[in-house]
There are 2 protein chains.
Amino acid sequence: MKTALRITRAQNFADWYQEVIKEADLAEHSGVRGCMVIKPWGWAIWEHIQARLDAMIKATGHRNCYFPIFIPIELLAKEASHVEGFAKEMAVVTHHRLVQRGGALVPDAPLESPLVVRPTSETIIGEAMARWVRSYRDLPLKLNQWGNVVRWEQRPRLFLRTSEFLWQEGHTAHASEVEAMEETLTMLGVYRRLVEDDMRIPVISGEKTPGERFPGAVATHAIEAMMQDGKALQAGTSHFLGTNFAAAAGIRFQDRDGTEKLAYTTSWGVSTRLVGALIMTHADDDGLRLPPRVAPTHVVIVPILRDEASRHLVLDAADKLSAQLRSGTAGGEALRVELDLRDDAPATKRWGWIKKGVPICGRARPARHPGPHHRLHPARCDRGEAQSAACGFRRERRPRGRSLRRDAVAPGDRVSCGADSRRHRRLRRVGEAFSPGRGGRVCHWQVVGRSQHRCEAG
Amino acid sequence: MKTALRITRAQNFADWYQEVIKEADLAEHSGVRGCMVIKPWGWAIWEHIQARLDAMIKATGHRNCYFPIFIPIELLAKEASHVEGFAKEMAVVTHHRLVQRGGALVPDAPLESPLVVRPTSETIIGEAMARWVRSYRDLPLKLNQWGNVVRWEQRPRLFLRTSEFLWQEGHTAHASEVEAMEETLTMLGVYRRLVEDDMRIPVISGEKTPGERFPGAVATHAIEAMMQDGKALQAGTSHFLGTNFAAAAGIRFQDRDGTEKLAYTTSWGVSTRLVGALIMTHADDDGLRLPPRVAPTHVVIVPILRDEASRHLVLDAADKLSAQLRSGTAGGEALRVELDLRDDAPATKRWGWIKKGVPICGRARPARHPGPHHRLHPARCDRGEAQSAACGFRRERRPRGRSLRRDAVAPGDRVSCGADSRRHRRLRRVGEAFSPGRGGRVCHWQVVGRSQHRCEAG
């Protein structure tokens, strides 16, 4: 069977992963070892993941803030004193000027004390919390930060392991142990909802073994996502830090009873690695497939411009259809519709969108007979809603049968729901809105032919 | 006259500026020289500025992406070869490991070639554009990036000049000179709309003199904002780079006629400095004042809990009012309402909110008589809309007369619209929605007493 990608999963999973990224134009390696350039389509997916998670972080009472990218070496020294054979791969800044000398650029003006580019912000945020927290009235202090961090990687892989990556790191301080433990699990639950409900990636969540704990944590909880090669990928972690970090940073507060106590702290984070998880869960040998909630574009319309006579009619119809679709909604959000007017062959454009994983890609063709004999009906099959677009389009002839997997709890427990009915000639791609937890349903987007068909859930 | 801040503008403008930031809890200096911690209230303002600008950047056809934080020294060397006596204040990374040796942490594993933390991304984005652009079909290429940059500062000032700051940088490539010049002015217009319409800061926009141009630019346009001390602050720049940067990076394309040509490029940016401009334009001796469009919270309700008997009633009423207000909108957005239930004295809370610049801070008191004799009516006076909240509140007794300045084109051309009518005993703070350009109107938020009054525009 012919596939859109040159390399299939069966041939070489690791190479196929790179190929999906390249063909979907998500990211590429930069000239800086281990650092990637996230291209617009990849970045837009991350932006949608961010927006969904940010709303949940705020809804659970956290506030965003921003701490410096540089960590003074003295703060790390405190941490290092607890760790046997401390050695960390991180970017060390030693100078603050670059000058031209003898035809070359050389570092100048050495810093009194080197700085490191943050690998995580526990130390610098802990130091601030120690300054900010005085009384039980200042607690809980629930902070989150979106930013970039650097951990030098010898064997980088796009999105999965890069020297610089983007993430959010939550840091909270609480007056009681119970509250801090609750916080740790609340955020694990938020991650689970993000990854399962919005990204359609089945996960197993639970506590890590002592050997896999974040250094200094009392308990580390994680969500592990199951990839198509049967391997688990750690997709998010939430740490209960007890009073260990508070003791090191001096986060103390005067309690209601007048005594001074150490605060209990937590930290939790997810990163651009989630985009890697998305690819390894949903992509197939034809390229990426995006769950609608994090798809930058839901529907693309590619006009087929055969001749000058029909050109105006087709463009006008496609324009009307886009406008009509844009006023629709999917999962409470406005439908994101793109009319692809680039100066390129329609087949090239269409296959480009398929490899990018856009949920619906429809072609707008001139009608065979004058008048609106043929119609394009984009429909949300999980709701039974359908919008009719009487714009003189021909129905989509080539059915595509790729759909998202069901929620699977055991690795390898995959169910394909994409069997197409020849009779209906549906174009369907990428499910939406299955109920969280086991037994969820995968529902389909579809563009149906001349008449509207009843919707089905897989 | 007693003021909420210890230092007034008349006493010392620079110290007053620091005091506003401290009392509004916007940001603070960190232990890292020149780097600031942006605290939740300051960050939330920046998030609202970002959201507004990001929408405008996307609406003008740009796509966000992300480039590495590190720039290889070889890329800068290319640029340096054009610059006499090149010397730049930037953070230079020379090692990629930190190890413990003799009780101290020391840098280890020197890089073959040092990296700098990006002071701007022209070089690394230019290099990518040279790879991505092949044909006229790839143009225009309109990219934007939100991120952090570092330029070592010897004399840092919070938000205005910091070693690390956050910004967006737009980088575009075009097939024609005319299109690139149009782009430069389009983005200058976007900045003007952001700063004037959303942030209520009057600006003068125009082209900089050759001596003030961005090095290598053909023309640099800027918006200059007028501060209360009569000084101008550069609030945003947009550069037309001609083919200078394209020639250095090798951004060439095959045009429709088959010939190879150099692309025309532009770049443009605004930064967290805008928060500094906001403060120096709108704050007064009682603290910050926020224009509603970028205010993290529009309305705060502080319940006055006198005794246990009325406690439940007041909290219940305040809760209802918050819910009612939250379903309202301001300028097309949902009203952002906070019910302040912190365990603190009401006066402390209220003055805290005033110093933070929240547009409306109302107190929910027990009614003097049983039943809904007194009402709180929060009203949008620029539209004549009013929401009645029959929750048994007493009307606000202390009128506050601070409002935003009119659009001023000349420095010092300020008009205060806050004269309170004793008869109406209005509580009003912070204007909203004046028409852009000269002669715009300042309109008021207000909370009026027992009966609703007609709205006025200043």
# chains A, B, ... in the order shown; residues from 1 in each chain; ligands from 1

$ residues_around --residues "Gly42 (chain B)" --least-positions-apart "5" --cutoff "8 Å" --atoms "only C-alpha atoms" --output "list in words"
Cys65 of chain A; Asp25, Leu26, Ala27 and Val275 of chain B

$ interface_residues --of "chain B" --to "chain A" --cutoff "7 Å" --atoms "only C-alpha atoms" --output "VMD selection string"
chain B and resid 32 35 to 40 43 63 to 68 70 72 77 85 to 100 105 107 137 152 343

$ select_by_dssp --residues "region 43-230 of chain A" --states "strand (DSSP E or B)" --output "JSON, numbers by chain"
{"A": [63, 64, 66, 70, 71, 72, 87, 88, 89, 90, 91, 92, 93, 94, 95, 96, 97, 98, 99, 100, 101, 104, 105, 106, 107, 108, 109, 110, 111, 112, 113, 114, 115, 116, 117, 135, 141, 142, 143, 144, 145, 146, 147, 148, 149, 150, 157, 161, 164, 165, 166, 167, 168, 169, 170, 171, 172, 173, 174, 203, 204, 205, 206, 207, 219, 220, 221, 222, 223, 224, 225, 226]}

$ residues_around --residues "Ala232 (chain A)" --least-positions-apart "4" --cutoff "10 Å" --atoms "only C-alpha atoms" --output "PyMOL selection string"
chain A and resi 203-204+223-228+277+411

$ residues_around --residues "Leu141 (chain B)" --least-positions-apart "5" --cutoff "8 Å" --atoms "only C-alpha atoms" --output "MDAnalysis selection string"
chainID B and resid 172:174

$ residues_around --residues "region 247-262 of chain A" --least-positions-apart "2" --cutoff "8 Å" --atoms "only C-alpha atoms" --output "ChimeraX atom specification"
/A:78-79,123,126-127,129-131,133-136,175,243-245,264

$ atom_distance --atom1 "CA of Gly362 (chain A)" --atom2 "CA of Val299 (chain A)"
7.5 Å

$ select_by_dssp --residues "region 77-289 of chain B" --states "helix (DSSP H, G or I)" --output "number ranges by chain"
B: 77-80, 122-132, 136-138, 177-198, 210-212, 244-249, 273-282

$ atom_distance --atom1 "CA of Ala318 (chain A)" --atom2 "CA of Val302 (chain A)"
8.2 Å

$ atom_distance --atom1 "CA of Lys349 (chain A)" --atom2 "CA of Arg326 (chain A)"
20.6 Å

$ closest_residue --among "A:Pro346, A:Gly61, A:Pro291, A:Pro296" --to "Leu194 (chain A)" --atoms "only C-alpha atoms"
A:Pro291

$ residues_around --residues "region 282-287 of chain A" --least-positions-apart "2" --cutoff "8 Å" --atoms "only C-alpha atoms" --output "list in words"
Thr3, Ala4, Leu5, Ile7, Thr8, Arg9, Trp16, Val20, Glu23, Ala24, Leu278, Ile279, Met280, Arg289, Leu290, Ile354, Lys355, Lys356, Gly357, Leu404 and Arg405 of chain A

$ decode --residues "region 101-245 of chain B" --atoms "C-alpha atoms" --output "PDB file, in the first residue's frame"
ATOM      1  CA  ARG B 101      35.696  20.248  42.890  1.00  0.00           C
ATOM      2  CA  GLY B 102      37.482  21.034  46.158  1.00  0.00           C
ATOM      3  CA  GLY B 103      34.172  21.932  47.855  1.00  0.00           C
ATOM      4  CA  ALA B 104      33.175  24.473  45.209  1.00  0.00           C
ATOM      5  CA  LEU B 105      31.107  24.312  42.027  1.00  0.00           C
ATOM      6  CA  VAL B 106      33.167  25.044  38.957  1.00  0.00           C
ATOM      7  CA  PRO B 107      32.465  25.138  35.212  1.00  0.00           C
ATOM      8  CA  ASP B 108      33.611  22.060  33.325  1.00  0.00           C
ATOM      9  CA  ALA B 109      33.509  20.747  29.747  1.00  0.00           C
ATOM     10  CA  PRO B 110      34.346  23.868  27.705  1.00  0.00           C
ATOM     11  CA  LEU B 111      32.398  24.345  24.480  1.00  0.00           C
ATOM     12  CA  GLU B 112      34.398  24.162  21.265  1.00  0.00           C
ATOM     13  CA  SER B 113      33.021  27.535  20.366  1.00  0.00           C
ATOM     14  CA  PRO B 114      31.245  29.863  22.838  1.00  0.00           C
ATOM     15  CA  LEU B 115      27.526  30.598  22.482  1.00  0.00           C
ATOM     16  CA  VAL B 116      25.758  33.816  23.366  1.00  0.00           C
ATOM     17  CA  VAL B 117      22.326  34.118  24.889  1.00  0.00           C
ATOM     18  CA  ARG B 118      20.282  35.865  22.179  1.00  0.00           C
ATOM     19  CA  PRO B 119      20.235  39.663  22.473  1.00  0.00           C
ATOM     20  CA  THR B 120      17.893  39.548  19.425  1.00  0.00           C
ATOM     21  CA  SER B 121      17.361  36.814  16.849  1.00  0.00           C
ATOM     22  CA  GLU B 122      18.044  38.529  13.490  1.00  0.00           C
ATOM     23  CA  THR B 123      21.065  36.357  12.748  1.00  0.00           C
ATOM     24  CA  ILE B 124      19.636  32.956  13.641  1.00  0.00           C
ATOM     25  CA  ILE B 125      16.263  33.652  12.012  1.00  0.00           C
ATOM     26  CA  GLY B 126      18.003  35.074   8.934  1.00  0.00           C
ATOM     27  CA  GLU B 127      20.009  31.868   8.608  1.00  0.00           C
ATOM     28  CA  ALA B 128      16.799  29.801   8.770  1.00  0.00           C
ATOM     29  CA  MET B 129      15.014  32.029   6.247  1.00  0.00           C
ATOM     30  CA  ALA B 130      17.910  31.493   3.838  1.00  0.00           C
ATOM     31  CA  ARG B 131      17.244  27.748   4.115  1.00  0.00           C
ATOM     32  CA  TRP B 132      13.457  28.009   3.882  1.00  0.00           C
ATOM     33  CA  VAL B 133      13.022  30.513   1.081  1.00  0.00           C
ATOM     34  CA  ARG B 134      13.554  29.100  -2.406  1.00  0.00           C
ATOM     35  CA  SER B 135      10.897  30.617  -4.612  1.00  0.00           C
ATOM     36  CA  TYR B 136       8.558  33.613  -4.744  1.00  0.00           C
ATOM     37  CA  ARG B 137       5.911  31.103  -3.615  1.00  0.00           C
ATOM     38  CA  ASP B 138       7.597  30.988  -0.187  1.00  0.00           C
ATOM     39  CA  LEU B 139       7.137  34.740   0.215  1.00  0.00           C
ATOM     40  CA  PRO B 140       6.049  36.708   2.113  1.00  0.00           C
ATOM     41  CA  LEU B 141       7.409  34.805   5.108  1.00  0.00           C
ATOM     42  CA  LYS B 142       5.957  36.521   8.159  1.00  0.00           C
ATOM     43  CA  LEU B 143       7.223  35.176  11.493  1.00  0.00           C
ATOM     44  CA  ASN B 144       6.947  36.289  15.080  1.00  0.00           C
ATOM     45  CA  GLN B 145       8.474  34.957  18.267  1.00  0.00           C
ATOM     46  CA  TRP B 146       7.658  35.581  21.938  1.00  0.00           C
ATOM     47  CA  GLY B 147      10.616  35.008  24.204  1.00  0.00           C
ATOM     48  CA  ASN B 148      13.304  36.242  26.524  1.00  0.00           C
ATOM     49  CA  VAL B 149      16.463  38.056  25.450  1.00  0.00           C
ATOM     50  CA  VAL B 150      19.536  39.199  27.358  1.00  0.00           C
ATOM     51  CA  ARG B 151      21.552  42.411  27.026  1.00  0.00           C
ATOM     52  CA  TRP B 152      23.818  43.001  29.980  1.00  0.00           C
ATOM     53  CA  GLU B 153      22.789  46.166  31.813  1.00  0.00           C
ATOM     54  CA  GLN B 154      25.099  48.081  34.096  1.00  0.00           C
ATOM     55  CA  ARG B 155      22.348  50.338  35.462  1.00  0.00           C
ATOM     56  CA  PRO B 156      19.144  48.304  35.538  1.00  0.00           C
ATOM     57  CA  ARG B 157      15.676  49.765  36.161  1.00  0.00           C
ATOM     58  CA  LEU B 158      12.692  47.481  36.627  1.00  0.00           C
ATOM     59  CA  PHE B 159      10.766  46.979  33.359  1.00  0.00           C
ATOM     60  CA  LEU B 160      12.601  49.849  31.628  1.00  0.00           C
ATOM     61  CA  ARG B 161      16.124  48.472  31.397  1.00  0.00           C
ATOM     62  CA  THR B 162      16.840  44.937  32.597  1.00  0.00           C
ATOM     63  CA  SER B 163      19.521  42.453  31.564  1.00  0.00           C
ATOM     64  CA  GLU B 164      16.899  39.853  30.756  1.00  0.00           C
ATOM     65  CA  PHE B 165      13.631  41.066  29.313  1.00  0.00           C
ATOM     66  CA  LEU B 166      10.640  39.519  27.596  1.00  0.00           C
ATOM     67  CA  TRP B 167       9.461  40.633  24.206  1.00  0.00           C
ATOM     68  CA  GLN B 168       8.171  39.664  20.825  1.00  0.00           C
ATOM     69  CA  GLU B 169      10.302  39.995  17.762  1.00  0.00           C
ATOM     70  CA  GLY B 170       8.760  39.928  14.308  1.00  0.00           C
ATOM     71  CA  HIS B 171      10.871  38.989  11.308  1.00  0.00           C
ATOM     72  CA  THR B 172       9.519  39.039   7.779  1.00  0.00           C
ATOM     73  CA  ALA B 173      10.865  38.523   4.258  1.00  0.00           C
ATOM     74  CA  HIS B 174       9.209  39.880   1.126  1.00  0.00           C
ATOM     75  CA  ALA B 175       9.630  39.691  -2.613  1.00  0.00           C
ATOM     76  CA  SER B 176       9.366  43.436  -3.154  1.00  0.00           C
ATOM     77  CA  GLU B 177      10.633  46.613  -1.540  1.00  0.00           C
ATOM     78  CA  VAL B 178       7.165  48.181  -1.522  1.00  0.00           C
ATOM     79  CA  GLU B 179       5.637  45.223   0.299  1.00  0.00           C
ATOM     80  CA  ALA B 180       8.401  45.219   2.941  1.00  0.00           C
ATOM     81  CA  MET B 181       7.988  48.956   3.512  1.00  0.00           C
ATOM     82  CA  GLU B 182       4.238  48.478   3.878  1.00  0.00           C
ATOM     83  CA  GLU B 183       4.857  45.708   6.409  1.00  0.00           C
ATOM     84  CA  THR B 184       7.123  48.003   8.448  1.00  0.00           C
ATOM     85  CA  LEU B 185       4.399  50.639   8.646  1.00  0.00           C
ATOM     86  CA  THR B 186       1.599  48.122   9.231  1.00  0.00           C
ATOM     87  CA  MET B 187       3.365  46.840  12.335  1.00  0.00           C
ATOM     88  CA  LEU B 188       4.101  50.362  13.528  1.00  0.00           C
ATOM     89  CA  GLY B 189       0.349  50.944  13.224  1.00  0.00           C
ATOM     90  CA  VAL B 190      -0.365  47.765  15.194  1.00  0.00           C
ATOM     91  CA  TYR B 191       1.923  48.984  17.983  1.00  0.00           C
ATOM     92  CA  ARG B 192       0.252  52.355  17.939  1.00  0.00           C
ATOM     93  CA  ARG B 193      -3.184  50.763  18.280  1.00  0.00           C
ATOM     94  CA  LEU B 194      -1.994  48.511  21.101  1.00  0.00           C
ATOM     95  CA  VAL B 195      -0.419  51.320  23.077  1.00  0.00           C
ATOM     96  CA  GLU B 196      -3.029  54.011  22.403  1.00  0.00           C
ATOM     97  CA  ASP B 197      -6.257  52.037  22.334  1.00  0.00           C
ATOM     98  CA  ASP B 198      -5.592  49.183  24.739  1.00  0.00           C
ATOM     99  CA  MET B 199      -3.074  50.769  27.100  1.00  0.00           C
ATOM    100  CA  ARG B 200      -4.333  54.338  26.850  1.00  0.00           C
ATOM    101  CA  ILE B 201      -0.864  55.767  26.343  1.00  0.00           C
ATOM    102  CA  PRO B 202      -0.607  58.655  23.897  1.00  0.00           C
ATOM    103  CA  VAL B 203       2.268  58.229  21.442  1.00  0.00           C
ATOM    104  CA  ILE B 204       4.042  60.067  18.684  1.00  0.00           C
ATOM    105  CA  SER B 205       5.045  57.799  15.836  1.00  0.00           C
ATOM    106  CA  GLY B 206       7.560  58.513  13.128  1.00  0.00           C
ATOM    107  CA  GLU B 207      10.881  57.730  11.563  1.00  0.00           C
ATOM    108  CA  LYS B 208      14.070  57.944  13.592  1.00  0.00           C
ATOM    109  CA  THR B 209      17.039  60.009  12.445  1.00  0.00           C
ATOM    110  CA  PRO B 210      19.874  58.127  10.690  1.00  0.00           C
ATOM    111  CA  GLY B 211      21.948  58.271  13.883  1.00  0.00           C
ATOM    112  CA  GLU B 212      19.229  56.525  15.859  1.00  0.00           C
ATOM    113  CA  ARG B 213      18.620  53.749  13.315  1.00  0.00           C
ATOM    114  CA  PHE B 214      18.940  50.092  14.232  1.00  0.00           C
ATOM    115  CA  PRO B 215      22.424  49.132  12.938  1.00  0.00           C
ATOM    116  CA  GLY B 216      22.024  47.818   9.419  1.00  0.00           C
ATOM    117  CA  ALA B 217      18.451  49.100   8.933  1.00  0.00           C
ATOM    118  CA  VAL B 218      17.460  51.320   5.997  1.00  0.00           C
ATOM    119  CA  ALA B 219      14.787  53.005   8.104  1.00  0.00           C
ATOM    120  CA  THR B 220      13.745  52.677  11.745  1.00  0.00           C
ATOM    121  CA  HIS B 221      10.262  53.770  12.764  1.00  0.00           C
ATOM    122  CA  ALA B 222       9.245  54.116  16.392  1.00  0.00           C
ATOM    123  CA  ILE B 223       6.402  55.024  18.664  1.00  0.00           C
ATOM    124  CA  GLU B 224       7.455  57.342  21.463  1.00  0.00           C
ATOM    125  CA  ALA B 225       5.244  57.579  24.508  1.00  0.00           C
ATOM    126  CA  MET B 226       4.991  60.696  26.650  1.00  0.00           C
ATOM    127  CA  MET B 227       5.633  60.119  30.339  1.00  0.00           C
ATOM    128  CA  GLN B 228       4.308  62.265  33.183  1.00  0.00           C
ATOM    129  CA  ASP B 229       7.747  63.755  33.773  1.00  0.00           C
ATOM    130  CA  GLY B 230       7.597  65.194  30.266  1.00  0.00           C
ATOM    131  CA  LYS B 231      10.130  62.736  28.904  1.00  0.00           C
ATOM    132  CA  ALA B 232       9.602  60.492  25.900  1.00  0.00           C
ATOM    133  CA  LEU B 233      10.021  56.735  26.196  1.00  0.00           C
ATOM    134  CA  GLN B 234      10.617  54.598  23.117  1.00  0.00           C
ATOM    135  CA  ALA B 235       7.808  52.085  23.321  1.00  0.00           C
ATOM    136  CA  GLY B 236       8.215  50.071  20.123  1.00  0.00           C
ATOM    137  CA  THR B 237      10.270  49.979  16.930  1.00  0.00           C
ATOM    138  CA  SER B 238       9.717  48.697  13.403  1.00  0.00           C
ATOM    139  CA  HIS B 239      12.653  48.422  11.031  1.00  0.00           C
ATOM    140  CA  PHE B 240      12.760  48.320   7.253  1.00  0.00           C
ATOM    141  CA  LEU B 241      15.990  46.437   6.601  1.00  0.00           C
ATOM    142  CA  GLY B 242      16.087  46.647   2.793  1.00  0.00           C
ATOM    143  CA  THR B 243      18.238  43.810   1.423  1.00  0.00           C
ATOM    144  CA  ASN B 244      21.057  44.396   3.921  1.00  0.00           C
ATOM    145  CA  PHE B 245      20.268  41.491   6.225  1.00  0.00           C
TER     146      PHE B 245
END
